[in-house]
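Here is the structure we will look at.
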Amino acid sequence: MNAWLLATAALLTLGMPPCVWAAGRGSAVERLAGLSLATTVVTAVLLLTGQGFGRGSFADLGLVLAVLGPAGTLVFARFLGGRSIESPGARTNHEER
């Protein structure tokens, strides 16, 4: 076991439980923050694992997750938030009645 894999094991054991706890409890904003933090931790784990085993495919997965993670957070915030993205002057159906 080299230093990269040791860092991966430490990050998984110390970094993921707070993410899971935050994503499982609290308000919607706290759960979203836990999910976003878990994405960051998993990205780092994949990059460290790729370095530890000397395989570029793990690093590629980590980089793809680093790019798509914030977009996924925005999608969750948009669709689970229940708010529409409209201009402040736009009228909705219930305001016209």
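Each chain in the structure tokens gets a letter, A, B, ..., in the order shown, and its residues are numbered from 1; ligands are numbered from 1 in order too.
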Next on the checklist: Using only C-alpha atoms, which protein or nucleic acid residues come within 10 Å of segment 41-55 of chain A? Drop anything in the same chain fewer than 6 positions from it, and give the result as a ChimeraX atom specification.
Outcome noted: /A:1-12,15-16,19,35,61-67,69
Next on the checklist: Applying 9 Å and only C-alpha atoms, which residues near Ala33 of chain A remain after dropping the ones on its own chain fewer than 4 positions away? List them as a ChimeraX atom specification.
Outcome noted: /A:19,22-23,28-29,37-38,73
Mind writing the picked residues with C-alpha atoms as an mmCIF file, in the first residue's frame?
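As written to disk, part_5.cif reads:
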```cif
data_model
loop_
_atom_site.group_PDB
_atom_site.id
_atom_site.type_symbol
_atom_site.label_atom_id
_atom_site.label_comp_id
_atom_site.auth_asym_id
_atom_site.auth_seq_id
_atom_site.Cartn_x
_atom_site.Cartn_y
_atom_site.Cartn_z
ATOM 1 C CA CYS A 19 -21.327 13.947 3.972
ATOM 2 C CA ALA A 22 -25.528 15.910 6.245
ATOM 3 C CA ALA A 23 -27.278 14.437 3.207
ATOM 4 C CA ALA A 28 -33.240 20.678 2.069
ATOM 5 C CA VAL A 29 -30.387 23.168 1.896
ATOM 6 C CA LEU A 37 -19.558 17.935 -0.445
ATOM 7 C CA ALA A 38 -19.853 14.197 -1.153
ATOM 8 C CA THR A 73 -26.107 20.394 -7.813
#
```
Next on the checklist: as a VMD selection string, please: every residue in chain A that DSSP puts in helix (DSSP H, G or I).
Outcome noted: chain A and resid 3 to 24 28 to 53 56 to 81 93 to 96
